[in-house]
Every structure is written in structure tokens, then in C-alpha cells.
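Have a look at query19.cif; it's mmCIF, C-alpha atoms and all ligand atoms:
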```cif
data_query
loop_
_atom_site.group_PDB
_atom_site.id
_atom_site.type_symbol
_atom_site.label_atom_id
_atom_site.label_comp_id
_atom_site.auth_asym_id
_atom_site.auth_seq_id
_atom_site.Cartn_x
_atom_site.Cartn_y
_atom_site.Cartn_z
ATOM 1 C CA MET A 1 0.000 0.000 0.000
ATOM 2 C CA LYS A 2 1.295 3.476 -0.913
ATOM 3 C CA LEU A 3 0.499 6.804 0.698
ATOM 4 C CA ARG A 4 -1.745 9.106 -1.312
ATOM 5 C CA GLU A 5 0.558 11.685 -2.938
ATOM 6 C CA ASN A 6 0.021 15.475 -2.788
ATOM 7 C CA GLY A 7 -1.935 15.115 0.431
ATOM 8 C CA TYR A 8 -1.049 16.304 3.917
ATOM 9 C CA ILE A 9 -0.203 14.441 7.112
ATOM 10 C CA ALA A 10 -2.459 15.034 10.120
ATOM 11 C CA TYR A 11 -0.177 15.035 13.176
ATOM 12 C CA ILE A 12 -2.236 14.571 16.337
ATOM 13 C CA VAL A 13 -0.335 15.134 19.580
ATOM 14 C CA ASN A 14 -1.602 14.758 23.128
ATOM 15 C CA PRO A 15 0.611 17.246 25.033
ATOM 16 C CA LYS A 16 -0.469 15.730 28.379
ATOM 17 C CA SER A 17 0.224 12.046 27.701
ATOM 18 C CA GLY A 18 2.200 9.912 30.171
ATOM 19 C CA ALA A 19 5.909 10.503 29.498
ATOM 20 C CA SER A 20 7.392 13.897 28.715
ATOM 21 C CA SER A 21 10.722 12.567 27.373
ATOM 22 C CA THR A 22 9.092 11.001 24.302
ATOM 23 C CA THR A 23 7.870 14.374 23.015
ATOM 24 C CA LEU A 24 11.386 14.645 21.561
ATOM 25 C CA LEU A 25 10.554 11.717 19.283
ATOM 26 C CA ALA A 26 7.372 13.442 18.120
ATOM 27 C CA HIS A 27 9.374 16.599 17.276
ATOM 28 C CA GLN A 28 12.135 14.683 15.501
ATOM 29 C CA PHE A 29 9.717 12.706 13.357
ATOM 30 C CA LYS A 30 7.734 15.820 12.396
ATOM 31 C CA ASP A 31 11.013 17.490 11.308
ATOM 32 C CA PHE A 32 11.861 14.399 9.253
ATOM 33 C CA LEU A 33 8.486 14.459 7.445
ATOM 34 C CA GLU A 34 8.936 18.137 6.620
ATOM 35 C CA GLU A 35 12.468 17.477 5.327
ATOM 36 C CA GLU A 36 10.853 14.856 3.053
ATOM 37 C CA ASN A 37 8.627 17.672 1.704
ATOM 38 C CA TRP A 38 5.380 16.543 3.314
ATOM 39 C CA ARG A 39 2.905 19.147 4.494
ATOM 40 C CA VAL A 40 2.281 18.439 8.173
ATOM 41 C CA GLU A 41 -0.806 19.791 9.947
ATOM 42 C CA LEU A 42 -0.256 19.785 13.708
ATOM 43 C CA TYR A 43 -3.167 19.310 16.121
ATOM 44 C CA LEU A 44 -2.755 19.448 19.907
ATOM 45 C CA THR A 45 -5.544 17.622 21.716
ATOM 46 C CA LYS A 46 -7.320 19.040 24.761
ATOM 47 C CA SER A 47 -9.123 15.813 25.694
ATOM 48 C CA LEU A 48 -9.539 12.210 24.583
ATOM 49 C CA ASN A 49 -12.795 13.119 22.795
ATOM 50 C CA ASP A 50 -10.876 15.807 20.960
ATOM 51 C CA ALA A 51 -8.400 13.199 19.636
ATOM 52 C CA GLN A 52 -11.282 11.118 18.268
ATOM 53 C CA ARG A 53 -12.976 14.153 16.670
ATOM 54 C CA ILE A 54 -9.772 15.332 14.926
ATOM 55 C CA ALA A 55 -9.029 11.818 13.664
ATOM 56 C CA HIS A 56 -12.547 11.448 12.315
ATOM 57 C CA ARG A 57 -12.257 14.761 10.442
ATOM 58 C CA ALA A 58 -8.962 13.587 8.902
ATOM 59 C CA ALA A 59 -10.501 10.215 7.997
ATOM 60 C CA VAL A 60 -13.196 11.794 5.842
ATOM 61 C CA ASP A 61 -10.860 14.387 4.272
ATOM 62 C CA PHE A 62 -9.661 13.118 0.895
ATOM 63 C CA ASP A 63 -6.550 15.339 1.074
ATOM 64 C CA CYS A 64 -5.278 13.604 4.211
ATOM 65 C CA SER A 65 -2.692 10.939 3.274
ATOM 66 C CA LEU A 66 -1.755 9.711 6.745
ATOM 67 C CA VAL A 67 -2.634 10.275 10.376
ATOM 68 C CA VAL A 68 0.220 10.247 12.894
ATOM 69 C CA ALA A 69 -0.941 9.841 16.499
ATOM 70 C CA CYS A 70 1.476 10.809 19.303
ATOM 71 C CA GLY A 71 0.359 9.866 22.778
ATOM 72 C CA GLY A 72 -0.319 7.061 25.218
ATOM 73 C CA ASP A 73 -2.616 4.083 24.758
ATOM 74 C CA GLY A 74 -5.709 6.182 25.606
ATOM 75 C CA THR A 75 -4.964 8.774 22.910
ATOM 76 C CA ILE A 76 -4.153 6.081 20.345
ATOM 77 C CA ARG A 77 -7.414 4.290 21.145
ATOM 78 C CA GLU A 78 -9.471 7.453 20.558
ATOM 79 C CA VAL A 79 -7.669 8.218 17.278
ATOM 80 C CA ILE A 80 -8.334 4.659 16.100
ATOM 81 C CA GLN A 81 -12.014 4.931 16.990
ATOM 82 C CA GLY A 82 -12.102 8.126 14.873
ATOM 83 C CA LEU A 83 -10.411 6.374 11.926
ATOM 84 C CA GLU A 84 -12.276 3.052 12.110
ATOM 85 C CA GLY A 85 -13.501 1.830 8.741
ATOM 86 C CA SER A 86 -11.711 4.527 6.696
ATOM 87 C CA ASP A 87 -8.874 3.997 4.205
ATOM 88 C CA THR A 88 -6.657 6.643 5.816
ATOM 89 C CA PRO A 89 -3.689 4.854 7.337
ATOM 90 C CA LEU A 90 -2.238 5.423 10.787
ATOM 91 C CA MET A 91 1.229 5.668 12.261
ATOM 92 C CA ILE A 92 1.877 5.701 16.006
ATOM 93 C CA ILE A 93 4.488 7.624 18.014
ATOM 94 C CA PRO A 94 4.346 6.283 21.584
ATOM 95 C CA GLY A 95 4.173 9.003 24.235
ATOM 96 C CA GLY A 96 2.622 7.236 27.199
ATOM 97 C CA THR A 97 3.862 5.136 30.102
ATOM 98 C CA GLU A 98 3.121 1.635 28.803
ATOM 99 C CA ASN A 99 2.557 2.146 25.051
ATOM 100 C CA LEU A 100 1.085 -1.339 24.727
ATOM 101 C CA LEU A 101 -0.042 -1.064 21.121
ATOM 102 C CA ALA A 102 3.072 0.741 19.821
ATOM 103 C CA ASN A 103 5.244 -1.899 21.454
ATOM 104 C CA GLU A 104 3.201 -4.724 19.919
ATOM 105 C CA LEU A 105 3.594 -3.145 16.475
ATOM 106 C CA GLY A 106 7.384 -3.174 16.964
ATOM 107 C CA TYR A 107 7.994 0.523 17.675
ATOM 108 C CA ASP A 108 10.726 1.539 20.092
ATOM 109 C CA GLU A 109 12.380 4.753 21.297
ATOM 110 C CA HIS A 110 14.762 5.267 18.353
ATOM 111 C CA ILE A 111 13.908 7.820 15.667
ATOM 112 C CA GLU A 112 15.601 5.601 13.068
ATOM 113 C CA THR A 113 12.833 2.993 13.499
ATOM 114 C CA TYR A 114 10.207 5.582 12.512
ATOM 115 C CA ARG A 115 12.170 6.888 9.529
ATOM 116 C CA LYS A 116 12.622 3.322 8.253
ATOM 117 C CA ALA A 117 8.959 2.427 8.834
ATOM 118 C CA PHE A 118 7.832 5.509 6.940
ATOM 119 C CA THR A 119 10.105 4.993 3.954
ATOM 120 C CA GLY A 120 9.558 1.201 4.016
ATOM 121 C CA GLY A 121 5.800 1.651 3.494
ATOM 122 C CA PHE A 122 4.885 -1.684 5.123
ATOM 123 C CA PHE A 123 1.263 -1.795 6.321
ATOM 124 C CA ARG A 124 -0.704 -4.229 8.421
ATOM 125 C CA GLU A 125 -4.389 -4.524 9.139
ATOM 126 C CA LEU A 126 -5.279 -3.907 12.755
ATOM 127 C CA ASP A 127 -8.361 -5.484 14.356
ATOM 128 C CA ILE A 128 -9.962 -3.708 17.261
ATOM 129 C CA GLY A 129 -12.357 -4.758 19.997
ATOM 130 C CA MET A 130 -15.692 -3.092 20.742
ATOM 131 C CA VAL A 131 -17.154 -3.257 24.236
ATOM 132 C CA ASN A 132 -20.640 -1.792 24.783
ATOM 133 C CA SER A 133 -20.033 0.403 21.645
ATOM 134 C CA LYS A 134 -16.654 1.680 22.915
ATOM 135 C CA CYS A 135 -13.446 0.779 21.096
ATOM 136 C CA PHE A 136 -10.362 -0.805 22.690
ATOM 137 C CA THR A 137 -7.160 -1.652 20.881
ATOM 138 C CA SER A 138 -5.094 -3.652 23.326
ATOM 139 C CA VAL A 139 -6.401 -5.216 26.521
ATOM 140 C CA LEU A 140 -9.653 -5.107 28.448
ATOM 141 C CA GLY A 141 -9.351 -6.283 32.062
ATOM 142 C CA VAL A 142 -12.131 -7.412 34.403
ATOM 143 C CA GLY A 143 -11.621 -7.582 38.169
ATOM 144 C CA ILE A 144 -8.452 -6.574 39.992
ATOM 145 C CA ASP A 145 -7.130 -4.808 36.912
ATOM 146 C CA GLY A 146 -10.173 -2.573 36.821
ATOM 147 C CA GLU A 147 -9.722 -1.789 40.503
ATOM 148 C CA ILE A 148 -6.054 -0.805 40.034
ATOM 149 C CA VAL A 149 -6.908 1.495 37.117
ATOM 150 C CA ARG A 150 -9.769 3.111 39.029
ATOM 151 C CA ARG A 151 -7.574 3.845 42.064
ATOM 152 C CA PHE A 152 -4.872 5.151 39.776
ATOM 153 C CA SER A 153 -7.130 7.396 37.682
ATOM 154 C CA GLU A 154 -8.650 9.006 40.783
ATOM 155 C CA LYS A 155 -5.175 10.343 41.643
ATOM 156 C CA ARG A 156 -3.909 10.906 38.102
ATOM 157 C CA ASN A 157 -2.781 14.394 37.221
ATOM 158 C CA GLY A 158 -0.781 15.069 34.029
ATOM 159 C CA HIS A 159 2.477 13.239 33.251
ATOM 160 C CA ILE A 160 2.926 9.884 34.968
ATOM 161 C CA SER A 161 5.538 7.178 35.378
ATOM 162 C CA HIS A 162 5.561 3.519 36.390
ATOM 163 C CA ILE A 163 6.260 4.394 40.027
ATOM 164 C CA ASP A 164 2.842 6.121 40.203
ATOM 165 C CA TYR A 165 1.238 2.687 39.804
ATOM 166 C CA PHE A 166 2.855 1.272 42.929
ATOM 167 C CA TRP A 167 0.286 2.324 45.569
ATOM 168 C CA PRO A 168 -2.804 1.587 43.434
ATOM 169 C CA ILE A 169 -1.429 -1.931 42.795
ATOM 170 C CA TRP A 170 -0.411 -2.493 46.406
ATOM 171 C CA ARG A 171 -3.730 -1.299 47.835
ATOM 172 C CA SER A 172 -5.771 -3.234 45.262
ATOM 173 C CA ILE A 173 -3.936 -6.485 46.049
ATOM 174 C CA TRP A 174 -4.922 -6.205 49.727
ATOM 175 C CA ALA A 175 -8.413 -4.746 49.291
ATOM 176 C CA HIS A 176 -9.674 -6.678 46.258
ATOM 177 C CA ARG A 177 -12.636 -9.019 46.688
ATOM 178 C CA PHE A 178 -12.516 -11.376 43.759
ATOM 179 C CA PRO A 179 -15.890 -10.904 42.044
ATOM 180 C CA LYS A 180 -18.159 -13.682 40.849
ATOM 181 C CA ILE A 181 -18.636 -13.392 37.106
ATOM 182 C CA LEU A 182 -20.155 -15.395 34.265
ATOM 183 C CA ILE A 183 -18.291 -15.527 30.971
ATOM 184 C CA GLU A 184 -19.575 -16.629 27.571
ATOM 185 C CA ALA A 185 -17.417 -17.039 24.474
ATOM 186 C CA ASP A 186 -19.157 -17.238 21.080
ATOM 187 C CA GLY A 187 -22.460 -18.057 22.779
ATOM 188 C CA LYS A 188 -21.168 -20.779 25.125
ATOM 189 C CA GLU A 189 -20.761 -20.400 28.865
ATOM 190 C CA ILE A 190 -17.126 -21.127 29.677
ATOM 191 C CA TYR A 191 -16.937 -20.152 33.337
ATOM 192 C CA CYS A 192 -19.016 -18.974 36.258
ATOM 193 C CA GLY A 193 -17.288 -18.157 39.525
ATOM 194 C CA ARG A 194 -14.728 -15.890 41.175
ATOM 195 C CA ALA A 195 -12.144 -14.792 38.646
ATOM 196 C CA MET A 196 -10.243 -12.102 36.817
ATOM 197 C CA ALA A 197 -10.382 -11.965 33.037
ATOM 198 C CA TYR A 198 -8.437 -10.409 30.177
ATOM 199 C CA VAL A 199 -9.624 -9.905 26.613
ATOM 200 C CA GLY A 200 -7.417 -8.495 23.909
ATOM 201 C CA ASN A 201 -5.537 -8.378 20.740
ATOM 202 C CA ILE A 202 -1.919 -7.986 21.800
ATOM 203 C CA SER A 203 0.486 -10.571 23.158
ATOM 204 C CA ARG A 204 2.334 -8.328 25.645
ATOM 205 C CA TYR A 205 0.635 -6.600 28.510
ATOM 206 C CA ALA A 206 2.019 -4.192 31.133
ATOM 207 C CA ILE A 207 5.803 -4.575 31.654
ATOM 208 C CA GLY A 208 5.731 -7.106 28.820
ATOM 209 C CA LEU A 209 3.725 -9.849 30.598
ATOM 210 C CA GLU A 210 2.479 -12.381 28.053
ATOM 211 C CA ILE A 211 -1.011 -12.879 29.476
ATOM 212 C CA LEU A 212 -2.583 -13.215 26.015
ATOM 213 C CA SER A 213 0.478 -14.921 24.595
ATOM 214 C CA LYS A 214 -1.198 -16.276 21.437
ATOM 215 C CA ALA A 215 -2.814 -12.984 20.431
ATOM 216 C CA ASN A 216 -2.339 -11.723 16.897
ATOM 217 C CA TYR A 217 -3.716 -8.262 16.124
ATOM 218 C CA SER A 218 -4.782 -9.096 12.585
ATOM 219 C CA ASP A 219 -6.266 -12.613 12.817
ATOM 220 C CA GLY A 220 -9.899 -11.490 13.226
ATOM 221 C CA LEU A 221 -10.101 -13.039 16.711
ATOM 222 C CA LEU A 222 -9.947 -11.828 20.286
ATOM 223 C CA ASP A 223 -7.925 -13.765 22.855
ATOM 224 C CA LEU A 224 -9.536 -14.461 26.221
ATOM 225 C CA CYS A 225 -7.727 -15.513 29.382
ATOM 226 C CA VAL A 226 -9.732 -16.282 32.521
ATOM 227 C CA TYR A 227 -7.856 -16.794 35.799
ATOM 228 C CA LYS A 228 -10.019 -18.640 38.327
ATOM 229 C CA CYS A 229 -9.159 -16.772 41.498
ATOM 230 C CA ASN A 230 -10.729 -16.319 44.907
ATOM 231 C CA THR A 231 -7.776 -15.688 47.220
ATOM 232 C CA ARG A 232 -4.569 -13.644 47.275
ATOM 233 C CA LEU A 233 -2.546 -16.835 47.426
ATOM 234 C CA ARG A 234 -4.015 -17.950 44.116
ATOM 235 C CA LEU A 235 -3.415 -14.462 42.721
ATOM 236 C CA PHE A 236 0.313 -14.791 43.551
ATOM 237 C CA LYS A 237 0.409 -18.248 41.980
ATOM 238 C CA HIS A 238 -1.154 -16.875 38.788
ATOM 239 C CA ALA A 239 1.298 -13.971 38.768
ATOM 240 C CA ILE A 240 4.309 -16.274 39.042
ATOM 241 C CA LEU A 241 3.055 -18.712 36.396
ATOM 242 C CA THR A 242 2.349 -15.792 34.047
ATOM 243 C CA LEU A 243 5.869 -14.400 34.573
ATOM 244 C CA LEU A 244 7.233 -17.864 33.748
ATOM 245 C CA LYS A 245 4.885 -18.056 30.707
ATOM 246 C CA LEU A 246 3.351 -21.260 32.116
ATOM 247 C CA HIS A 247 -0.110 -19.938 33.011
ATOM 248 C CA ARG A 248 -1.872 -21.376 29.937
ATOM 249 C CA ASP A 249 -0.998 -24.889 31.159
ATOM 250 C CA SER A 250 -2.581 -24.311 34.569
ATOM 251 C CA SER A 251 -5.886 -26.045 35.346
ATOM 252 C CA ASP A 252 -6.995 -22.770 36.982
ATOM 253 C CA VAL A 253 -6.743 -20.879 33.687
ATOM 254 C CA ILE A 254 -9.084 -20.949 30.684
ATOM 255 C CA TYR A 255 -7.571 -19.627 27.465
ATOM 256 C CA CYS A 256 -9.404 -19.404 24.145
ATOM 257 C CA GLN A 257 -9.819 -17.381 20.963
ATOM 258 C CA CYS A 258 -13.228 -16.170 19.812
ATOM 259 C CA LYS A 259 -15.186 -13.375 18.150
ATOM 260 C CA LYS A 260 -17.808 -12.513 20.753
ATOM 261 C CA ILE A 261 -17.623 -12.465 24.542
ATOM 262 C CA ARG A 262 -20.177 -11.639 27.219
ATOM 263 C CA VAL A 263 -19.270 -10.941 30.827
ATOM 264 C CA LEU A 264 -21.992 -10.716 33.463
ATOM 265 C CA SER A 265 -21.781 -9.965 37.148
ATOM 266 C CA LYS A 266 -23.230 -12.617 39.443
ATOM 267 C CA LYS A 267 -22.930 -10.431 42.514
ATOM 268 C CA GLY A 268 -22.069 -6.784 43.222
ATOM 269 C CA GLU A 269 -20.040 -4.208 41.343
ATOM 270 C CA VAL A 270 -17.249 -5.435 39.056
ATOM 271 C CA LEU A 271 -14.640 -2.946 37.849
ATOM 272 C CA THR A 272 -13.120 -3.017 34.365
ATOM 273 C CA GLN A 273 -10.401 -1.221 32.441
ATOM 274 C CA ILE A 274 -9.790 -0.689 28.725
ATOM 275 C CA ASP A 275 -6.264 0.133 27.519
ATOM 276 C CA GLY A 276 -5.360 1.550 30.943
ATOM 277 C CA ASP A 277 -8.432 3.771 31.419
ATOM 278 C CA PRO A 278 -11.538 2.954 33.506
ATOM 279 C CA GLY A 279 -13.858 0.720 31.461
ATOM 280 C CA PRO A 280 -17.649 0.241 31.257
ATOM 281 C CA SER A 281 -19.826 -1.444 33.885
ATOM 282 C CA LEU A 282 -21.092 -4.987 33.491
ATOM 283 C CA PRO A 283 -22.741 -6.602 31.586
ATOM 284 C CA LEU A 284 -20.105 -6.399 28.840
ATOM 285 C CA GLU A 285 -20.890 -7.217 25.221
ATOM 286 C CA ILE A 286 -17.546 -7.554 23.456
ATOM 287 C CA GLU A 287 -16.829 -8.253 19.813
ATOM 288 C CA VAL A 288 -13.957 -8.033 17.389
ATOM 289 C CA VAL A 289 -13.959 -5.645 14.421
ATOM 290 C CA PRO A 290 -11.586 -7.243 11.901
ATOM 291 C CA ASN A 291 -9.368 -5.026 9.709
ATOM 292 C CA ALA A 292 -10.589 -1.837 11.343
ATOM 293 C CA VAL A 293 -7.527 0.319 10.536
ATOM 294 C CA HIS A 294 -4.411 0.136 8.314
ATOM 295 C CA VAL A 295 -1.266 0.754 10.345
ATOM 296 C CA LEU A 296 2.217 1.562 9.117
ATOM 297 C CA VAL A 297 4.686 -0.647 11.005
ATOM 298 C CA PRO A 298 8.451 -1.321 10.990
ATOM 299 C CA GLU A 299 8.816 -4.403 8.821
ATOM 300 C CA GLY A 300 10.040 -7.487 10.690
ATOM 301 C CA ALA A 301 10.110 -5.750 14.109
ATOM 302 C CA LYS A 302 9.063 -7.754 17.158
ATOM 303 C CA PRO A 303 7.449 -6.611 20.417
ATOM 304 C CA ALA A 304 9.901 -5.951 23.250
ATOM 305 C CA GLY A 305 9.945 -8.490 26.083
ATOM 306 C CA ILE A 306 10.051 -8.083 29.852
ATOM 307 C CA ARG A 307 13.808 -7.422 30.078
ATOM 308 C CA THR A 308 13.780 -4.680 27.436
ATOM 309 C CA ARG A 309 10.704 -3.103 29.019
ATOM 310 C CA LEU A 310 12.336 -3.063 32.461
ATOM 311 C CA ARG A 311 15.462 -1.485 30.974
ATOM 312 C CA ARG A 312 13.351 1.225 29.313
ATOM 313 C CA MET A 313 11.460 1.830 32.569
ATOM 314 C CA MET A 314 14.747 2.463 34.319
ATOM 315 C CA GLY A 315 15.876 4.847 31.609
ATOM 316 C CA PHE A 316 18.484 2.642 29.879
ATOM 317 C CA HIS A 317 18.081 2.334 26.114
HETATM 318 MG MG MG A 401 -6.520 -11.182 17.337
#
```
In C-alpha cells, how does this file's structure come out?
Ligand SMILES: [Mg+2]
Amino acid sequence: MKLRENGYIAYIVNPKSGASSTTLLAHQFKDFLEEENWRVELYLTKSLNDAQRIAHRAAVDFDCSLVVACGGDGTIREVIQGLEGSDTPLMIIPGGTENLLANELGYDEHIETYRKAFTGGFFRELDIGMVNSKCFTSVLGVGIDGEIVRRFSEKRNGHISHIDYFWPIWRSIWAHRFPKILIEADGKEIYCGRAMAYVGNISRYAIGLEILSKANYSDGLLDLCVYKCNTRLRLFKHAILTLLKLHRDSSDVIYCQCKKIRVLSKKGEVLTQIDGDPGPSLPLEIEVVPNAVHVLVPEGAKPAGIRTRLRRMMGFH
């Protein structure tokens, strides 16, 4: 696929996204595009809704050849929802704390990767998930994950780093009451009981954990991982097995791939998160939207693993 010539590039930047250091990358890549004689229209977003609105305007504008989205997973998700179903391709400059989707697509912190991806012109189709009419690109979490994100977002204020997650995680581990949920995959009940569940399209989650290790973002399927869990001891066991990439073999884990998922609460409030932001309340109606967006990716690049992610977190590149 080639970029439409004589058009402009819509450059959508969230100035408030997670990390401030990565704004350098956004500047460098914009300079590169201008050196290559592309007309770049810069848009600074004021809110997540704003990112979606700008992307939608670009998607229906025939003169727009490419949308570049600079921001964290939340910003990228909103831009993708704005572009969904259009032919206008997308490129991502990660500017958040986790950058789950950018990492899965093989992007890193080196400007050379972006220059090569742009000139290489290698595109892939990206599926997305829809939950109660809201888009998610990476991972939807039900249970303790939702509780961590809620605690975190109540305190969130501007730029953030990994250390800001420490207290929300710590407090959630000790306060969480594992909720009783019912899960259906493609119309069949697969589990009813206390659990935490993950649905998504990417193989690496926070800090590179391979919870949905078989996920492929363009296979037209969502991956589902259900951890049967009713105590903290079991939570620690799941955490260790996941770190060792052995969780899928555990009898306490259900892993499958499907197109539609329903999650219902059997008792009380159940918290959810989508791509690191607070998610919708139960019941959840989730489905995959295959080939929702064309994304420009570095050809042959692989997602970074746990070691690389830890190195990046500590500031070593
Ligand atoms: Mg998939």
C-alpha cells in the first residue's frame, strides 16, 4: 500500500500524555516528514474526545494521506475509533507510560525505526475490539485490573511514570474481593465463579507480561484468558506462572480465541479497564472488528519483552 501523494499528514499530539521525554521523538519525526517535503498539519488535543474528533475529520478528508498519532494508549485508542472503517492509514508515536499497542507493532524509542517504517511503506491490518459500543485496541481487564486502574485514575494528574502505579497496585492487592462473574465465548458459557479476566488483541501486557500470549492483532479473533481466582494466594500463583509463561498450562486458567464475549456480574459491582483507562460497567458485550484500521509498522520488528521493558522503565536504552 502506498500513501496518497500530494496530500497532507495530520499530526495529532496529546501534550499531556504519560511521558514527557518522548515528546522529543514526536518533534524529531515531524522534522523528518517536513524534510521529506510533506505538508504536516499539527493538532494538539485538549481531551480524549478531541483526539477522536480530529481523527474522524482527517478520515473523511480526501486530502489527508496519513494520520500520525502521538500519545499514550488512551490517545491512540481514541484516534483509532475516529479512523475506524476509513482507508486513511495510521502511524503511532508512543508518548505514554506503557505504550502497549506501539510496542506490539514493533515501535521503540529510536527515531531511526520511525524513519525506516515511513520509507519502508509496510502496512498491516489492525483489528480492534468493541465493548458496549466503545473501542479498545489492546487489553480489556475485568476484576483486579479494573480496581487498580480506578484507584490510579482518581489520583492521576498530568504526566505519569511507572512508580505512580505502585500504591494503586499495592492497595488493590490487599483490598480486592474477587468478584463472581459469568463468561460466555461465542455463545457458550465457559466459566461462572470468582475470577479475573483479560480480553485483547496484543500478546504483551504491562511490563511485557504475556497474558494473552497467542494474540495476533490481525487474525480477526480476540484472545480471552480467565484466571479462576478467589484468594490472594491464588493471585500470587497466577502472577508467578504468568511471569514464567506457564499460566496457559494451569488447570486454573481458561484460554481461548473467539469473536464474541459476554461478561456478566453474578454479585455486586465489578470494575473493568480498557487500555489503561476505567472501562464500562457490566454486563459487557464484546466483539472483534476485523481489519478496522491500516497501520504503518516497521517491517520485521518484534514486540519488546520483559527485560527490554524493564530497561526502558529504568531509563536505559
Ligand atoms: Mg486477534
key: Site check for ligand MG 401 (chain A): residues at most 10 Å away, all atoms listed in the file, as an MDAnalysis selection string   = chainID A and resid 126:129 138 199:203 212 214:224 257:259 288:290
Could you list, with a cut-off of 7 Å and counting only C-alpha atoms, the residues of range 28-126 of chain A near range 1-9 of chain A, each shown with its nearest atom pair and the distance in Å rounded to one decimal, rows sorted by chain and ascending number, as JSON lines?
```
{"residue": "A:Trp38", "atom": "CA", "partner": "A:Tyr8", "partner_atom": "CA", "distance": 6.5}
{"residue": "A:Arg39", "atom": "CA", "partner": "A:Tyr8", "partner_atom": "CA", "distance": 4.9}
{"residue": "A:Val40", "atom": "CA", "partner": "A:Ile9", "partner_atom": "CA", "distance": 4.8}
{"residue": "A:Glu41", "atom": "CA", "partner": "A:Ile9", "partner_atom": "CA", "distance": 6.1}
{"residue": "A:Asp63", "atom": "CA", "partner": "A:Gly7", "partner_atom": "CA", "distance": 4.7}
{"residue": "A:Cys64", "atom": "CA", "partner": "A:Tyr8", "partner_atom": "CA", "distance": 5.0}
{"residue": "A:Ser65", "atom": "CA", "partner": "A:Arg4", "partner_atom": "CA", "distance": 5.0}
{"residue": "A:Leu66", "atom": "CA", "partner": "A:Ile9", "partner_atom": "CA", "distance": 5.0}
{"residue": "A:Val67", "atom": "CA", "partner": "A:Ile9", "partner_atom": "CA", "distance": 5.8}
{"residue": "A:Gly121", "atom": "CA", "partner": "A:Lys2", "partner_atom": "CA", "distance": 6.6}
{"residue": "A:Phe123", "atom": "CA", "partner": "A:Met1", "partner_atom": "CA", "distance": 6.7}
```
Which residues of range 73-166 of chain A sit at most 8 Å from range 49-59 of chain A, using only C-alpha atoms? Give each one's shortest atom pair and distance in Å (one decimal place), in chain and ascending residue order, as a Markdown table.
```
| residue | atom | partner | partner_atom | distance |
| --- | --- | --- | --- | --- |
| A:Thr75 | CA | A:Ala51 | CA | 6.5 |
| A:Glu78 | CA | A:Gln52 | CA | 4.7 |
| A:Val79 | CA | A:Gln52 | CA | 4.7 |
| A:Ile80 | CA | A:Gln52 | CA | 7.4 |
| A:Gln81 | CA | A:Gln52 | CA | 6.4 |
| A:Gly82 | CA | A:His56 | CA | 4.2 |
| A:Leu83 | CA | A:Ala59 | CA | 5.5 |
| A:Ser86 | CA | A:Ala59 | CA | 6.0 |
| A:Asp87 | CA | A:Ala59 | CA | 7.5 |
| A:Thr88 | CA | A:Ala59 | CA | 5.7 |
```
key: Nearest to Ser153 in chain A by atom-to-atom distance, counting all atoms listed in the file, from A:Arg77, A:Gln273, A:Lys188, A:Arg234   = A:Gln273
inquiry  = Take the PyMOL selection byres (((chain A and resi 93) around 12) and not hetatm), run it mentally on this structure, and tell me the resulting residues as a ChimeraX atom specification.
reply    = /A:11-14,17,19,22-30,67-73,75-76,90-92,94-96,99-103,105-111,113-115,117-118,295-297
request  = Return the single residue from A:Val270, A:Leu209, A:Ile240, A:Ala304 that is closest to Gly146 in chain A, with distances computed using only C-alpha atoms.
outcome  =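 Nearest candidate to Gly146 in chain A out of A:Val270, A:Leu209, A:Ile240, A:Ala304: A:Val270.
Taking CA of Asp186 in chain A and CA of Glu287 in chain A as endpoints, the distance between them is 9.4 Å.
Atom to atom, CA of Asp275 in chain A and CA of Gly141 in chain A stand 8.4 Å apart.
For the set A:Phe136, A:Tyr227, A:Phe166, A:Phe178, the residue with the smallest atom-to-atom gap to Tyr255 in chain A is A:Tyr227, counting all atoms listed in the file.
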inquiry  = Under the PyMOL selection byres (((chain A and resi 175) around 12) and not hetatm), which residues of this model are included? Write them out as a PyMOL selection string.
reply    = chain A and resi 143-144+147-148+151+167-174+176-178+231-232
